[in-house]
Amino acid sequence: MKIQKEIIEFEEGKSFKLFSPSLKNCFFWHYHPEIELVYVEACNGIRHVGKNISDFEGSDLLLIGSNIPHLNFDYKIQTECKQLVLQMREDFLQNIIIPVPEFDAIKKLLDRSYLGLSFSGETKRIVVEKLHLMKDKNSFESLIGLIDILHILAHSTEVKELNNEDTRIKWFLNDKIRMGTIYDYIHENYDKNPNVNIIAENVNLSTPAFCRYFKKQTNMTFTDFVNNYRINQAKLLLLQNEGITEVCFQVGFESLSYFNKLFKKFMNETPTEFKKKHLSKVV
C-alpha cells in the first residue's frame with residue numbers, strides 16, 4: 001500500500017499520548033508530524049525507519065522524528081509482541097522545549113530525531129521503566145516524567161543513528177510503488193524461492209528498474225533483503241531450540257554451509273554460537 005499520513009488525536013489539555021497499539025497483520029507504512037518514542041518487545045523483529053531496514057532482538061527503543069516514514073514494528077511478528085508508543089503534539093518542541101534554556105540538550109535531541117535514533121543498554125532499561133510508571137500518573141506528573149525521559153535520552157551515549165541522511169516525507173511523496181506488495185511477497189515466499197522478476201512485474205516495473213528502485217528505497221539489494229529476512233526467521237526458530245540443519249532448510253536455504261556463512265555475516269556469530277548463547281540464558 002502507498003504511504004499514508006496518520007492523523008493523531010490528543011485528549012484536550014494534554015501535550016502527548018501514551019498507548020499500546022497492536023497492528024500485527026496490518027502493513028502500516030506511514031508518517032505524521034508528531035515526534036514519537038516507541039518501545040517494542042519481541043523475540044525478534046524488523047524496523048523500517050526512513051531508508052533504514054534492520055532487525056532488533058528482544059526489544060527496541062526508538063525516537064522517530066517529525067514526518068519520518070516508518071512501518072509499524074509489530075508487522076508480521078508471529079510471537080508475542082508488546083508495544084508502548086508515546087506521541088508528542090506537533091507544537092511540543094516549539095512551545096514547550098525551545099522557550100526554556102535549560103532544555104537546550106533536549107532541543108538538540110529532538111532536532112536530531114529526524115535520523116531515527118535507537119537506544120540500548122542501561123538507557124533503554126531506565127527509560128522503559130519510567131514509561132511504564134507514567135501510565136499511572138496524572139497529567140502534570142506524566143509531563144514531568146516525559147521531560148525526565150527526554151533529558152536521559154539527550155545525554156545518553158547508548159544511541160545509534162538509523163539513517164545518515166534526511167528521509168522526511170518529502171523524499172517519499174512521489175513514490176507510487178506499493179511497498180506493502182513487496183513486503184507481503186517476501187513474507188509469503190522467503191522460504192521458497194523469491195523471484196525478483198515476479199515481484200517487479202507485480203509492481204509494474206521492469207526488473208532493472210525495480211532493482212534500482214529497491215536499492216534506492218532500502219540501501220539493500222533485493223537478494224540481500226531476502227537473505228536478511230531469512231536470517232531473522234532463522235533466529236526465531238533457533239530460539240525455539242530447533243535444529244540448525246532443519247532451520248536452514250525451513251527458511252529457504254539450500255546449502256547448510258551457505259546458511260552458516262550468511263548467518264555469521266549478518267550476526268557476527270555462527271548459528272551454533274547464537275543458539276548456545278541465547279538458550280543458555282533460559283536454562
# chains A, B, ... in the order shown; residues from 1 in each chain; ligands from 1

$ residues_around --residues "A:Phe225" --least-positions-apart "3" --cutoff "12 Å" --atoms "only C-alpha atoms" --output "list in words"
Ile46, His48, Asn52, Ile53, Ser54, Asp55, Ile182, Tyr183, Ile186, His187, Tyr190, Pro194, Val196, Cys211, Phe214, Lys215, Gln217, Thr218, Asn219, Met220, Thr221, Phe222, Asn228, Tyr229, Arg230, Ile231, Asn232 and Phe266 of chain A

$ write_last_selection --atoms "N, CA, C and O atoms" --output "compact mmCIF listing (two decimals), in the first residue's frame"
# COMPACT_ATOMS: atom_id res chain seq x y z
N ILE A 46 11.71 -6.63 12.72
CA ILE A 46 12.35 -5.77 11.74
C ILE A 46 11.88 -4.34 11.96
O ILE A 46 10.71 -4.09 12.16
N HIS A 48 11.79 -0.57 10.18
CA HIS A 48 11.96 0.16 8.92
C HIS A 48 11.62 1.61 9.21
O HIS A 48 10.46 1.97 9.37
N ASN A 52 16.23 3.15 6.45
CA ASN A 52 16.91 2.09 7.20
C ASN A 52 16.01 0.89 7.41
O ASN A 52 14.88 1.02 7.89
N ILE A 53 16.49 -0.27 7.02
CA ILE A 53 15.80 -1.53 7.31
C ILE A 53 16.79 -2.41 8.05
O ILE A 53 17.85 -2.77 7.51
N SER A 54 16.51 -2.72 9.30
CA SER A 54 17.41 -3.52 10.12
C SER A 54 16.57 -4.34 11.08
O SER A 54 15.35 -4.25 11.10
N ASP A 55 17.23 -5.15 11.86
CA ASP A 55 16.48 -6.02 12.77
C ASP A 55 16.82 -5.68 14.21
O ASP A 55 17.82 -5.04 14.50
N ILE A 182 5.46 -5.57 -1.89
CA ILE A 182 6.81 -6.16 -1.84
C ILE A 182 7.02 -6.92 -0.53
O ILE A 182 7.50 -8.06 -0.53
N TYR A 183 6.64 -6.29 0.59
CA TYR A 183 6.79 -6.96 1.88
C TYR A 183 5.99 -8.26 1.92
O TYR A 183 6.47 -9.30 2.39
N ILE A 186 7.59 -11.06 -0.12
CA ILE A 186 8.76 -11.63 0.55
C ILE A 186 8.33 -12.50 1.73
O ILE A 186 8.85 -13.61 1.93
N HIS A 187 7.36 -12.02 2.51
CA HIS A 187 6.89 -12.78 3.66
C HIS A 187 6.30 -14.12 3.24
O HIS A 187 6.51 -15.14 3.90
N TYR A 190 9.66 -16.17 1.26
CA TYR A 190 11.07 -16.20 1.69
C TYR A 190 11.60 -17.62 1.85
O TYR A 190 12.79 -17.88 1.65
N PRO A 194 12.02 -16.65 -3.73
CA PRO A 194 11.51 -15.35 -4.19
C PRO A 194 12.16 -14.94 -5.50
O PRO A 194 13.38 -15.00 -5.64
N VAL A 196 12.81 -12.10 -8.27
CA VAL A 196 12.79 -10.66 -8.46
C VAL A 196 12.00 -10.27 -9.70
O VAL A 196 11.38 -9.20 -9.75
N CYS A 211 15.02 -3.18 -9.44
CA CYS A 211 16.25 -3.33 -8.64
C CYS A 211 16.82 -1.97 -8.24
O CYS A 211 17.27 -1.79 -7.11
N PHE A 214 14.39 -0.54 -5.56
CA PHE A 214 14.50 -1.22 -4.27
C PHE A 214 15.79 -0.81 -3.55
O PHE A 214 15.79 -0.56 -2.35
N LYS A 215 16.88 -0.71 -4.28
CA LYS A 215 18.15 -0.31 -3.69
C LYS A 215 18.08 1.13 -3.19
O LYS A 215 18.58 1.45 -2.09
N GLN A 217 15.37 2.70 -2.20
CA GLN A 217 14.45 2.77 -1.06
C GLN A 217 15.06 2.19 0.21
O GLN A 217 14.79 2.68 1.31
N THR A 218 15.86 1.14 0.10
CA THR A 218 16.25 0.37 1.27
C THR A 218 17.75 0.33 1.53
O THR A 218 18.17 -0.15 2.59
N ASN A 219 18.55 0.82 0.56
CA ASN A 219 20.01 0.70 0.66
C ASN A 219 20.46 -0.76 0.68
O ASN A 219 21.55 -1.08 1.14
N MET A 220 19.61 -1.66 0.18
CA MET A 220 19.94 -3.08 0.10
C MET A 220 19.49 -3.62 -1.26
O MET A 220 18.52 -3.11 -1.84
N THR A 221 20.19 -4.62 -1.75
CA THR A 221 19.68 -5.30 -2.94
C THR A 221 18.51 -6.19 -2.53
O THR A 221 18.34 -6.52 -1.33
N PHE A 222 17.71 -6.60 -3.50
CA PHE A 222 16.59 -7.48 -3.21
C PHE A 222 17.08 -8.78 -2.59
O PHE A 222 16.52 -9.27 -1.60
N ASN A 228 18.45 -11.34 4.58
CA ASN A 228 18.33 -10.77 5.92
C ASN A 228 17.01 -11.20 6.57
O ASN A 228 16.97 -11.53 7.76
N TYR A 229 15.95 -11.22 5.78
CA TYR A 229 14.65 -11.65 6.28
C TYR A 229 14.71 -13.12 6.70
O TYR A 229 14.19 -13.51 7.75
N ARG A 230 15.36 -13.95 5.88
CA ARG A 230 15.51 -15.37 6.20
C ARG A 230 16.29 -15.58 7.50
O ARG A 230 15.92 -16.42 8.32
N ILE A 231 17.36 -14.81 7.65
CA ILE A 231 18.17 -14.94 8.87
C ILE A 231 17.35 -14.55 10.10
O ILE A 231 17.44 -15.18 11.17
N ASN A 232 16.52 -13.52 9.96
CA ASN A 232 15.64 -13.12 11.07
C ASN A 232 14.69 -14.25 11.45
O ASN A 232 14.46 -14.52 12.63
N PHE A 266 25.76 -11.72 8.96
CA PHE A 266 24.74 -10.81 9.50
C PHE A 266 24.84 -10.67 11.01
O PHE A 266 24.54 -9.61 11.56

$ residues_around --residues "A:Thr123" --least-positions-apart "6" --cutoff "12 Å" --atoms "only C-alpha atoms" --output "list in words"
Asp60, Leu61, Leu62, Glu129, Lys130, Ile149, Leu150, His151, Ile152, Leu153, Ala154, His155, Ser156, Thr157, Glu158 and Val159 of chain A

$ atom_distance --atom1 "atom CA of A:Ala42" --atom2 "atom CA of A:Gly58"
5.2 Å

$ residues_around --residues "A:Leu84" --least-positions-apart "5" --cutoff "9 Å" --atoms "only C-alpha atoms" --output "JSON, numbers by chain"
{"A": [18, 19, 20, 21, 37, 38, 39, 40, 41, 128, 131, 132]}

$ residues_around --residues "A:Glu273" --least-positions-apart "4" --cutoff "12 Å" --atoms "only C-alpha atoms" --output "list in words"
Lys235, Leu238, Leu239, Ile244, Asn260, Phe263, Lys264, Met267, Asn268, Glu269, Lys277, His278, Leu279 and Ser280 of chain A

$ residues_around --residues "A:Gly65" --least-positions-apart "2" --cutoff "8 Å" --atoms "only C-alpha atoms" --output "number ranges by chain"
A: 33-36, 63, 67-68, 110-116

$ atom_distance --atom1 "atom CA of A:Thr223" --atom2 "atom CA of A:Thr272"
24.0 Å

$ closest_residue --among "A:Asn95, A:Arg125, A:Gly50, A:Pro271" --to "A:Tyr258" --atoms "only C-alpha atoms"
A:Pro271
